[in-house]
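*Asks:* Contents of input02.csv (CSV, C-alpha atoms):
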```
chain,number,residue,atom,x,y,z
M,235,MET,CA,-63.6,50.7,-14.9
M,236,SER,CA,-61.0,51.7,-17.5
M,237,ARG,CA,-57.7,49.9,-17.9
M,238,ASP,CA,-55.9,52.9,-16.3
M,239,GLU,CA,-58.2,52.7,-13.3
M,240,THR,CA,-57.8,49.0,-13.0
M,241,GLY,CA,-54.0,49.4,-13.2
M,242,PHE,CA,-54.0,51.9,-10.4
M,243,ALA,CA,-56.4,49.9,-8.2
M,244,GLU,CA,-54.0,46.8,-8.5
M,245,PHE,CA,-51.0,48.9,-7.8
M,246,PHE,CA,-52.6,50.6,-4.8
M,247,GLY,CA,-53.7,47.2,-3.4
M,248,ALA,CA,-50.3,45.6,-3.7
M,249,SER,CA,-48.1,48.6,-2.8
M,250,TRP,CA,-49.8,50.2,0.2
M,251,GLU,CA,-48.3,48.0,2.9
M,252,PRO,CA,-44.6,48.0,1.7
M,253,CYS,CA,-44.8,51.7,1.1
M,254,LEU,CA,-46.3,52.3,4.5
M,255,ARG,CA,-43.5,50.4,6.2
M,256,ALA,CA,-40.9,52.4,4.3
M,257,VAL,CA,-42.5,55.7,5.3
M,258,ALA,CA,-43.3,54.7,8.8
M,259,ALA,CA,-39.7,53.6,9.4
M,260,SER,CA,-38.6,57.0,8.3
M,261,THR,CA,-41.1,59.1,10.3
M,262,GLY,CA,-41.5,56.9,13.4
M,263,ASP,CA,-45.2,57.7,13.4
M,264,PRO,CA,-47.6,55.3,11.6
M,265,ALA,CA,-50.5,57.7,11.6
M,266,ARG,CA,-48.4,60.5,10.0
M,267,ALA,CA,-47.0,58.0,7.6
M,268,GLU,CA,-50.5,57.0,6.7
M,269,ASP,CA,-51.4,60.7,6.0
M,270,GLN,CA,-48.3,61.3,3.9
M,271,LEU,CA,-48.8,58.1,2.0
M,272,ALA,CA,-52.4,58.7,1.2
M,273,GLU,CA,-51.4,62.1,-0.2
M,274,ALA,CA,-48.7,60.5,-2.3
M,275,PHE,CA,-51.1,57.8,-3.7
M,276,ALA,CA,-53.6,60.5,-4.5
M,277,ARG,CA,-51.0,62.4,-6.5
M,278,ALA,CA,-50.0,59.1,-8.1
M,279,TRP,CA,-53.7,58.6,-9.1
M,280,ALA,CA,-53.9,62.1,-10.5
M,281,SER,CA,-50.8,61.5,-12.6
M,282,TRP,CA,-51.2,57.8,-13.1
M,283,ARG,CA,-50.3,57.8,-16.8
M,284,LYS,CA,-47.0,59.2,-16.0
M,285,VAL,CA,-46.4,57.3,-12.8
M,286,SER,CA,-47.4,54.0,-14.3
M,287,ARG,CA,-44.5,54.3,-16.8
M,288,HIS,CA,-42.0,55.1,-14.1
M,289,PRO,CA,-39.4,52.4,-13.7
M,290,ALA,CA,-40.3,52.1,-10.0
M,291,PRO,CA,-43.8,53.5,-9.2
M,292,ARG,CA,-43.5,52.4,-5.5
M,293,ALA,CA,-40.3,54.4,-5.2
M,294,TRP,CA,-42.1,57.4,-6.7
M,295,VAL,CA,-44.8,57.1,-4.1
M,296,VAL,CA,-42.4,56.7,-1.2
M,297,HIS,CA,-40.3,59.6,-2.4
M,298,THR,CA,-43.4,61.8,-2.8
M,299,ALA,CA,-44.7,60.8,0.7
M,300,LEU,CA,-41.4,61.7,2.3
M,301,ASN,CA,-41.4,65.0,0.5
M,302,ALA,CA,-44.9,65.6,1.7
M,303,GLY,CA,-43.5,65.0,5.2
M,304,THR,CA,-41.0,67.7,4.8
M,305,SER,CA,-43.8,70.1,3.9
M,306,TRP,CA,-45.7,68.8,6.9
M,307,TRP,CA,-42.9,69.6,9.3
M,308,ARG,CA,-42.5,73.1,7.8
M,309,ARG,CA,-46.2,73.7,8.1
M,310,ARG,CA,-46.3,72.1,11.6
M,311,ALA,CA,-43.8,74.7,12.8
M,312,ARG,CA,-46.3,77.4,12.0
M,313,GLU,CA,-49.5,75.8,13.1
M,314,LEU,CA,-50.8,74.7,16.4
M,315,PRO,CA,-51.9,71.1,17.0
M,316,LEU,CA,-55.5,70.5,17.7
M,317,ILE,CA,-55.2,70.6,21.5
M,318,GLY,CA,-55.4,67.3,23.3
M,319,HIS,CA,-57.2,65.3,20.7
M,320,ASP,CA,-56.3,62.5,18.3
M,321,ALA,CA,-53.0,64.1,17.2
M,322,PRO,CA,-49.9,62.2,18.4
M,323,ALA,CA,-47.3,64.1,20.4
M,324,PRO,CA,-45.0,65.6,17.8
M,325,GLY,CA,-41.4,64.6,17.5
M,326,ARG,CA,-41.8,61.3,19.5
M,327,PRO,CA,-41.9,58.0,17.7
M,328,SER,CA,-44.8,55.7,18.4
M,329,PRO,CA,-43.9,53.1,21.1
M,330,ALA,CA,-43.8,50.2,18.6
M,331,LEU,CA,-41.3,52.1,16.5
M,332,ASP,CA,-39.2,53.4,19.3
M,333,THR,CA,-36.4,50.8,18.9
M,334,PRO,CA,-32.6,51.5,18.8
M,335,LEU,CA,-32.4,50.4,15.2
M,336,LEU,CA,-35.3,52.5,13.9
M,337,ASN,CA,-34.2,55.5,16.0
M,338,ALA,CA,-30.8,55.1,14.4
M,339,VAL,CA,-32.4,55.1,11.0
M,340,ARG,CA,-34.2,58.3,11.8
M,341,ARG,CA,-31.0,60.0,12.8
M,342,LEU,CA,-29.5,59.4,9.4
M,343,PRO,CA,-29.2,62.3,6.9
M,344,ASP,CA,-32.3,62.5,4.7
M,345,ARG,CA,-30.7,61.1,1.5
M,346,GLN,CA,-29.0,58.2,3.4
M,347,ARG,CA,-32.3,57.3,5.1
M,348,GLU,CA,-34.2,57.4,1.8
M,349,VAL,CA,-31.7,55.2,0.0
M,350,LEU,CA,-31.9,52.8,2.9
M,351,VAL,CA,-35.7,52.5,3.1
M,352,LEU,CA,-36.0,52.1,-0.7
M,353,ARG,CA,-33.4,49.3,-0.6
M,354,VAL,CA,-34.8,47.5,2.5
M,355,PHE,CA,-38.6,47.9,2.3
M,356,LEU,CA,-39.1,48.2,-1.5
M,357,ASP,CA,-36.2,45.9,-2.4
M,358,LEU,CA,-34.9,48.3,-5.0
M,359,ASP,CA,-31.5,47.6,-6.6
M,360,ILE,CA,-28.8,50.2,-6.8
M,361,GLU,CA,-29.5,51.2,-10.4
M,362,THR,CA,-33.2,51.7,-9.9
M,363,THR,CA,-32.6,53.7,-6.7
M,364,ALA,CA,-30.1,55.9,-8.6
M,365,ALA,CA,-32.6,56.5,-11.4
M,366,GLN,CA,-35.4,57.3,-8.9
M,367,LEU,CA,-33.3,59.8,-7.0
M,368,ALA,CA,-31.5,61.1,-10.2
M,369,ILE,CA,-28.1,60.4,-8.7
M,370,ALA,CA,-25.2,58.2,-9.9
M,371,PRO,CA,-25.2,54.5,-8.8
M,372,GLY,CA,-21.8,55.1,-7.2
M,373,THR,CA,-23.5,57.8,-5.0
M,374,VAL,CA,-26.2,55.4,-4.0
M,375,ARG,CA,-23.6,52.9,-3.0
M,376,ALA,CA,-21.8,55.5,-1.0
M,377,HIS,CA,-25.0,56.6,0.8
M,378,LEU,CA,-25.9,53.0,1.5
M,379,SER,CA,-22.4,52.2,2.8
M,380,ARG,CA,-22.4,55.2,5.1
M,381,ALA,CA,-25.9,54.4,6.3
M,382,VAL,CA,-24.9,50.8,7.2
M,383,THR,CA,-21.7,51.9,8.9
M,384,ALA,CA,-23.7,54.5,10.9
M,385,LEU,CA,-26.3,51.9,11.9
M,386,ARG,CA,-23.6,49.4,12.9
M,387,LYS,CA,-21.9,52.0,15.1
M,388,GLU,CA,-25.1,53.1,16.7
M,389,LEU,CA,-26.1,49.6,17.5
M,390,ALA,CA,-22.7,48.7,18.9
M,391,ASN,CA,-22.8,51.8,21.2
M,392,HIS,CA,-26.3,50.8,22.3
M,393,ASP,CA,-25.2,47.3,23.0
M,394,THR,CA,-22.3,48.6,25.1
M,395,ARG,CA,-24.6,50.8,27.1
M,396,GLU,CA,-26.9,47.9,27.7
M,397,ALA,CA,-24.1,45.7,28.8
M,398,ASP,CA,-22.5,48.2,31.1
M,399,PRO,CA,-25.0,50.9,32.1
M,400,CYS,CA,-22.5,52.4,34.6
M,401,SER,CA,-19.8,53.0,31.9
M,402,THR,CA,-20.9,56.6,31.6
M,403,THR,CA,-19.4,58.6,34.4
M,404,THR,CA,-20.5,62.0,35.6
M,405,SER,CA,-18.1,64.7,36.9
H,50,MET,CA,-16.8,51.0,1.7
H,51,PHE,CA,-18.7,47.8,1.3
H,52,ASP,CA,-19.2,45.9,-2.0
H,53,ASP,CA,-22.7,45.4,-3.3
H,54,ASP,CA,-23.1,41.9,-1.7
H,55,GLN,CA,-22.0,43.1,1.7
H,56,LEU,CA,-24.4,46.0,1.4
H,57,THR,CA,-27.4,44.0,0.4
H,58,GLU,CA,-26.7,41.1,2.7
H,59,SER,CA,-25.7,43.1,5.8
H,60,PRO,CA,-27.3,41.8,9.0
H,61,GLU,CA,-28.3,45.4,9.9
H,62,LEU,CA,-30.4,45.6,6.7
H,63,ARG,CA,-31.9,42.2,7.3
H,64,GLU,CA,-32.8,43.2,10.9
H,65,LEU,CA,-34.2,46.5,9.7
H,66,GLY,CA,-36.4,44.7,7.1
H,67,ALA,CA,-37.8,42.5,9.9
H,68,SER,CA,-38.1,45.3,12.4
H,69,LEU,CA,-41.7,46.2,11.5
H,70,ASN,CA,-43.0,42.7,11.5
H,71,GLY,CA,-45.8,42.4,14.0
H,72,VAL,CA,-46.1,46.2,14.4
H,73,ALA,CA,-49.8,47.3,14.0
H,74,MET,CA,-50.1,49.6,11.0
H,75,PRO,CA,-53.0,51.8,10.0
H,76,ALA,CA,-55.4,50.0,7.6
H,77,ARG,CA,-55.3,50.8,4.0
H,78,PRO,CA,-57.7,53.6,3.1
H,79,SER,CA,-60.4,52.8,0.6
H,80,LEU,CA,-59.6,53.3,-3.1
H,81,ALA,CA,-62.5,55.7,-3.3
H,82,THR,CA,-60.9,58.0,-0.6
H,83,ILE,CA,-57.6,58.1,-2.6
H,84,GLU,CA,-59.5,58.7,-5.9
H,85,ALA,CA,-61.5,61.6,-4.3
H,86,ARG,CA,-58.3,63.2,-3.1
H,87,GLY,CA,-56.6,62.6,-6.5
H,88,ARG,CA,-59.5,64.2,-8.3
H,89,SER,CA,-59.0,67.3,-6.2
H,90,HIS,CA,-55.4,67.5,-7.4
H,91,ARG,CA,-56.5,67.0,-11.0
H,92,ARG,CA,-59.2,69.7,-10.7
H,93,HIS,CA,-56.7,72.2,-9.5
H,94,ARG,CA,-54.2,71.3,-12.2
H,95,HIS,CA,-56.9,71.5,-14.9
H,96,ALA,CA,-58.2,74.8,-13.4
H,97,GLY,CA,-54.7,76.3,-14.0
H,98,VAL,CA,-54.7,75.0,-17.6
H,99,ALA,CA,-58.2,76.3,-18.1
H,100,GLY,CA,-57.2,79.7,-16.8
H,101,LEU,CA,-54.4,79.9,-19.4
H,102,PHE,CA,-56.7,78.7,-22.1
H,103,VAL,CA,-59.3,81.3,-21.2
H,104,ALA,CA,-56.7,84.1,-21.4
H,105,GLY,CA,-55.6,82.9,-24.8
H,106,ALA,CA,-59.2,82.5,-26.0
H,107,ALA,CA,-60.1,86.0,-24.8
H,108,ALA,CA,-57.1,87.5,-26.6
H,109,GLY,CA,-58.0,85.6,-29.8
H,110,ALA,CA,-61.6,86.8,-29.5
H,111,ALA,CA,-60.5,90.4,-29.2
H,112,ALA,CA,-58.4,90.1,-32.3
H,113,ALA,CA,-61.3,88.6,-34.2
H,114,VAL,CA,-63.6,91.5,-33.1
H,115,ALA,CA,-61.0,94.0,-34.4
H,116,LEU,CA,-60.7,92.2,-37.7
H,117,ALA,CA,-64.4,91.9,-38.2
H,118,GLY,CA,-65.1,95.6,-37.5
H,119,GLY,CA,-66.8,95.0,-34.1
H,120,SER,CA,-69.3,92.3,-35.0
H,121,THR,CA,-69.1,89.4,-32.5
H,122,ASP,CA,-71.0,86.3,-31.5
H,123,GLU,CA,-72.6,86.9,-28.0
H,124,ARG,CA,-72.7,83.2,-27.1
H,125,PRO,CA,-70.2,82.5,-24.3
H,126,LEU,CA,-67.0,80.7,-25.2
H,127,PRO,CA,-67.2,77.1,-23.9
H,128,ALA,CA,-63.9,77.6,-22.0
H,129,LEU,CA,-65.2,80.7,-20.3
H,130,THR,CA,-68.4,78.9,-19.3
H,131,GLN,CA,-66.4,76.1,-17.8
H,132,ALA,CA,-64.0,78.4,-16.0
H,133,ARG,CA,-66.9,80.1,-14.2
H,134,SER,CA,-68.0,76.7,-12.7
H,135,HIS,CA,-64.7,76.6,-10.7
H,136,PRO,CA,-64.6,78.3,-7.4
H,137,PRO,CA,-62.5,81.5,-7.4
H,138,ARG,CA,-59.0,81.2,-5.9
H,139,GLU,CA,-59.9,83.8,-3.3
H,140,ILE,CA,-63.1,85.2,-1.8
H,141,ARG,CA,-62.6,88.4,0.3
H,142,THR,CA,-65.2,89.9,2.5
H,143,SER,CA,-65.0,92.6,5.1
H,144,SER,CA,-64.8,90.0,7.9
H,145,TYR,CA,-62.9,87.0,6.4
H,146,THR,CA,-60.9,85.8,3.4
H,147,LEU,CA,-61.0,82.3,1.8
H,148,VAL,CA,-58.0,81.3,-0.3
H,149,SER,CA,-57.6,77.9,-2.0
H,150,ASP,CA,-54.2,76.5,-2.9
H,151,THR,CA,-53.1,74.0,-5.5
H,152,SER,CA,-53.5,71.0,-3.3
H,153,GLY,CA,-57.2,71.8,-2.8
H,154,LYS,CA,-56.9,73.1,0.7
H,155,VAL,CA,-58.8,76.2,1.6
H,156,LYS,CA,-57.5,78.7,4.2
H,157,LEU,CA,-60.0,80.8,6.2
H,158,THR,CA,-58.6,84.0,7.7
H,159,ILE,CA,-60.9,85.8,10.1
H,160,GLU,CA,-60.5,89.5,10.6
H,161,PRO,CA,-60.0,90.3,14.2
H,162,GLY,CA,-62.3,93.3,14.3
H,163,LYS,CA,-65.3,91.8,12.5
H,164,LEU,CA,-67.9,89.2,13.2
H,165,PHE,CA,-68.6,87.2,10.1
H,166,ARG,CA,-72.1,86.5,8.7
H,167,SER,CA,-72.8,82.8,9.3
H,168,ALA,CA,-74.9,82.2,6.2
H,169,GLU,CA,-72.4,84.0,4.0
H,170,LEU,CA,-69.5,81.9,5.3
H,171,GLN,CA,-71.5,78.7,4.9
H,172,SER,CA,-72.3,79.6,1.3
H,173,ASP,CA,-68.7,80.6,0.5
H,174,LEU,CA,-67.4,77.4,2.0
H,175,ALA,CA,-69.8,75.4,-0.1
H,176,ARG,CA,-68.4,77.0,-3.2
H,177,TYR,CA,-65.1,75.3,-2.4
H,178,GLY,CA,-66.8,72.0,-1.8
H,179,ILE,CA,-66.6,72.2,2.0
H,180,PRO,CA,-69.9,71.0,3.6
H,181,ALA,CA,-70.4,73.0,6.7
H,182,ARG,CA,-73.1,74.1,9.0
H,183,VAL,CA,-72.2,77.6,10.3
H,184,THR,CA,-74.2,78.9,13.2
H,185,LYS,CA,-74.2,82.0,15.3
H,186,GLY,CA,-74.4,81.5,19.1
H,187,ARG,CA,-75.1,77.8,18.6
H,188,LEU,CA,-73.0,74.7,18.0
H,189,CYS,CA,-74.3,71.6,16.3
H,190,THR,CA,-72.8,68.2,17.5
H,191,SER,CA,-73.3,64.5,16.9
H,192,ASP,CA,-73.3,61.9,19.5
H,193,PRO,CA,-71.0,60.1,19.2
H,194,GLU,CA,-68.8,62.7,17.6
H,195,PRO,CA,-67.0,61.6,14.5
H,196,VAL,CA,-63.2,61.4,14.9
H,197,GLY,CA,-60.6,62.7,12.5
H,198,LEU,CA,-61.1,66.4,12.6
H,199,ARG,CA,-57.3,66.7,12.7
H,200,LYS,CA,-57.1,65.5,9.1
H,201,VAL,CA,-59.8,67.9,8.0
H,202,ALA,CA,-58.9,71.2,9.7
H,203,SER,CA,-55.8,72.8,11.2
H,204,PHE,CA,-55.6,76.0,13.2
H,205,SER,CA,-53.1,78.8,13.3
H,206,VAL,CA,-54.3,80.9,16.2
H,207,PRO,CA,-51.8,83.8,16.0
H,208,ARG,CA,-52.9,84.4,12.4
H,209,GLN,CA,-56.5,83.6,13.0
H,210,THR,CA,-56.6,81.1,10.2
H,211,ILE,CA,-58.2,77.7,9.8
H,212,THR,CA,-57.1,75.5,6.9
H,213,PHE,CA,-59.6,73.0,5.6
H,214,ASP,CA,-58.9,70.0,3.4
H,215,PRO,CA,-62.2,69.2,1.8
H,216,SER,CA,-60.9,66.0,0.3
H,217,ARG,CA,-60.5,64.6,3.8
H,218,ILE,CA,-64.1,65.1,4.9
H,219,PRO,CA,-65.6,61.6,5.0
H,220,ALA,CA,-68.8,60.9,3.1
H,221,GLY,CA,-71.8,61.4,5.3
H,222,GLU,CA,-70.1,63.9,7.5
H,223,GLU,CA,-69.8,67.7,7.5
H,224,LEU,CA,-68.2,70.4,9.6
H,225,SER,CA,-70.1,72.3,12.2
H,226,ILE,CA,-68.7,75.8,12.8
H,227,GLY,CA,-70.1,77.7,15.8
H,228,ARG,CA,-69.4,81.4,16.4
H,229,PHE,CA,-69.8,82.7,19.9
H,230,TRP,CA,-69.6,86.2,21.2
H,231,LEU,CA,-67.7,86.1,24.5
H,232,ARG,CA,-67.1,88.6,27.3
H,233,ARG,CA,-64.1,90.9,27.1
H,234,ARG,CA,-64.8,91.5,23.4
H,235,ALA,CA,-63.7,88.2,22.1
H,236,GLN,CA,-65.3,85.8,19.7
H,237,LEU,CA,-64.9,82.1,19.9
H,238,VAL,CA,-65.0,79.9,16.8
H,239,GLU,CA,-65.4,76.2,17.4
H,240,VAL,CA,-65.2,73.6,14.7
H,241,VAL,CA,-66.3,69.9,15.0
H,242,LEU,CA,-67.2,67.1,12.7
H,243,ILE,CA,-70.8,66.0,12.7
H,244,LYS,CA,-72.8,63.3,10.9
H,245,THR,CA,-75.0,64.8,8.2
H,246,GLY,CA,-78.6,64.5,9.3
H,247,SER,CA,-77.8,63.2,12.8
H,248,PHE,CA,-76.9,66.1,15.1
H,249,SER,CA,-78.4,68.5,17.6
H,250,CYS,CA,-77.6,72.1,18.2
H,251,THR,CA,-77.3,73.9,21.5
H,252,SER,CA,-76.8,77.6,22.4
H,253,HIS,CA,-74.6,76.6,25.4
H,254,VAL,CA,-71.4,78.6,25.1
H,255,PRO,CA,-68.5,76.1,24.9
H,256,THR,CA,-66.0,76.2,27.7
H,257,ASP,CA,-62.7,77.9,27.0
H,258,ARG,CA,-60.9,74.5,27.0
H,259,PRO,CA,-61.7,71.5,24.8
H,260,ASP,CA,-63.8,69.1,26.8
H,261,GLY,CA,-61.6,66.1,25.8
H,262,LYS,CA,-63.9,64.6,23.2
H,263,PRO,CA,-61.8,63.2,20.4
H,264,GLY,CA,-61.7,65.2,17.3
H,265,ARG,CA,-62.8,68.5,18.9
H,266,ALA,CA,-61.0,71.7,18.2
H,267,VAL,CA,-61.4,75.2,19.4
H,268,ALA,CA,-59.9,78.5,18.5
H,269,PHE,CA,-60.3,81.9,20.0
H,270,ILE,CA,-60.3,85.0,17.9
H,271,ALA,CA,-59.6,88.2,19.8
H,272,ILE,CA,-61.5,91.3,18.9
H,273,PRO,CA,-59.8,94.6,19.8
H,274,ALA,CA,-61.9,96.8,22.1
H,275,GLY,CA,-64.0,99.4,20.3
H,276,ARG,CA,-63.5,98.0,16.9
H,277,ALA,CA,-66.0,95.2,16.8
H,278,THR,CA,-68.6,95.3,14.1
H,279,SER,CA,-71.4,92.7,14.4
H,280,HIS,CA,-73.0,91.1,11.4
H,281,GLY,CA,-75.8,88.5,11.3
```
Go ahead and express the file in the form of structure tokens.
*Replies:*
Amino acid sequence: MSRDETGFAEFFGASWEPCLRAVAASTGDPARAEDQLAEAFARAWASWRKVSRHPAPRAWVVHTALNAGTSWWRRRARELPLIGHDAPAPGRPSPALDTPLLNAVRRLPDRQREVLVLRVFLDLDIETTAAQLAIAPGTVRAHLSRAVTALRKELANHDTREADPCSTTTS
Amino acid sequence: MFDDDQLTESPELRELGASLNGVAMPARPSLATIEARGRSHRRHRHAGVAGLFVAGAAAGAAAAVALAGGSTDERPLPALTQARSHPPREIRTSSYTLVSDTSGKVKLTIEPGKLFRSAELQSDLARYGIPARVTKGRLCTSDPEPVGLRKVASFSVPRQTITFDPSRIPAGEELSIGRFWLRRRAQLVEVVLIKTGSFSCTSHVPTDRPDGKPGRAVAFIAIPAGRATSHG
């Protein structure tokens, strides 16, 4: 096994789980996250010399996986599912990921959500995130700040509804 | 706007970080699976580069022939020989078209008015690295049936297309594609995964609905009345 192959094998072994969490939190579907992530790792393998020199290879993989997801949704709109089989129902998060907090994450705009998962699940700092997404550190701070504010608001609303389920009136 | 400490230490982010603890996640695929898929990406990338090189080499060879007054070496150029070993981007027959894309996926489009030749399709799929047993009036299945067809094939019924991802076919498994001629001038194409060397074939026409076995897929291809042409 060459040094490149050994390097990729170590990276793959150590990075699969945190990257899967980041993608699963974004998609709400662990099986689809697995598909997208496997595709992203395959691309990383194919371009390992380039990816291994990236300042944050895990962020490269997660970013690629999330982009693969965008393509998946576009394709999904044109193709039929395999009827009644091992495909999960589209558009519904898996029960384990159907929590108020994770649902709020998935309602965030794409860029805010990506900044958030890179920060939380890959522990990326502001500067590395900015380099990965090719945006200014100030823009990363703004996205993160808006994302935290939105999560806080969503959770407060959810808590209010839980505490007083009759507070919503119908006319 | 929060400062950096408030952002990184916010309770919402801490809660989010812990939110997936205890959630069952899919197991990590084998390194070999990832490498096989990565090789498919690399092959397609190199095929593009080889194509450019072949064009350049051919132009260079033509110039050399002109300068030498028509004398040429008849041995094939190495790049040309290598390029021939790659499957073509597209195979078009009277009854179907196969097109590969840069990700290694291969799209099969079936012509509505034509019944395809089983042996020909099987041979053409093999050129793209898709192991398949294509049968006419029979379908081969394994018991138990391997799961995971969803990752290998997807269907677009209105366009009569099936997209295959050869890199996702597990080792020791292959596709079984059965073509059935139905009443009311329709043909049914059914695709399942089978274990290589462990399957049985039946001429029983599948029902018009999947029978609920995991991994099974079915697609109908309508043939307009009076236009059908049958091949072997």
*Asks:* Should the cut-off be 9 Å, what would the residue list for chain M against chain H look like, counting all atoms listed in the file, as a PyMOL selection string?
*Replies:* chain M and resi 243+246-247+250-251+254-255+258-259+264-265+267-269+272-273+275-281+312-321+330-331+333+335-336+339+350-351+353-355+359-360+375-376+378-380+382-383+385-386+389
*Asks:* Could you please determine the separation between CA of Gly178 (chain H) and CA of Val295 (chain M) in Å, to one decimal place?
*Replies:*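 Atom-to-atom, CA of Gly178 (chain H) to CA of Val295 (chain M), that is 26.7 Å.
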*Asks:* Which residue gives the smallest distance to Thr298 (chain M) among M:Ser260, M:Ser286, M:Thr373, M:Gln270, with only C-alpha atoms counted?
*Replies:* M:Gln270
*Asks:* Excluding Glu361 (chain M) and residues on its chain fewer than 3 positions from it, collect all residues at most 8 Å away from it, counting all atoms listed in the file, and give them as a ChimeraX atom specification.
*Replies:* /M:364-365,371
*Asks:* Produce a file of the selected residues containing C-alpha atoms, as a JSON list (two decimals), keeping the file's coordinate frame.
*Replies:*
```
[["chain", "number", "residue", "atom", "x", "y", "z"],
["M", 364, "ALA", "CA", -30.10, 55.90, -8.60],
["M", 365, "ALA", "CA", -32.60, 56.50, -11.40],
["M", 371, "PRO", "CA", -25.20, 54.50, -8.80]]
```
*Asks:* By how many Å are CA of Arg340 (chain M) and CA of Val374 (chain M) apart?
*Replies:*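 Calculated distance between CA of Arg340 (chain M) and CA of Val374 (chain M) is 17.9 Å.
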*Asks:* Have a look at CA of Glu139 (chain H) and CA of Phe213 (chain H) and let me know their distance in Å, one decimal.
*Replies:*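 Spanning CA of Glu139 (chain H) to CA of Phe213 (chain H) is a straight-line distance of 14.0 Å.
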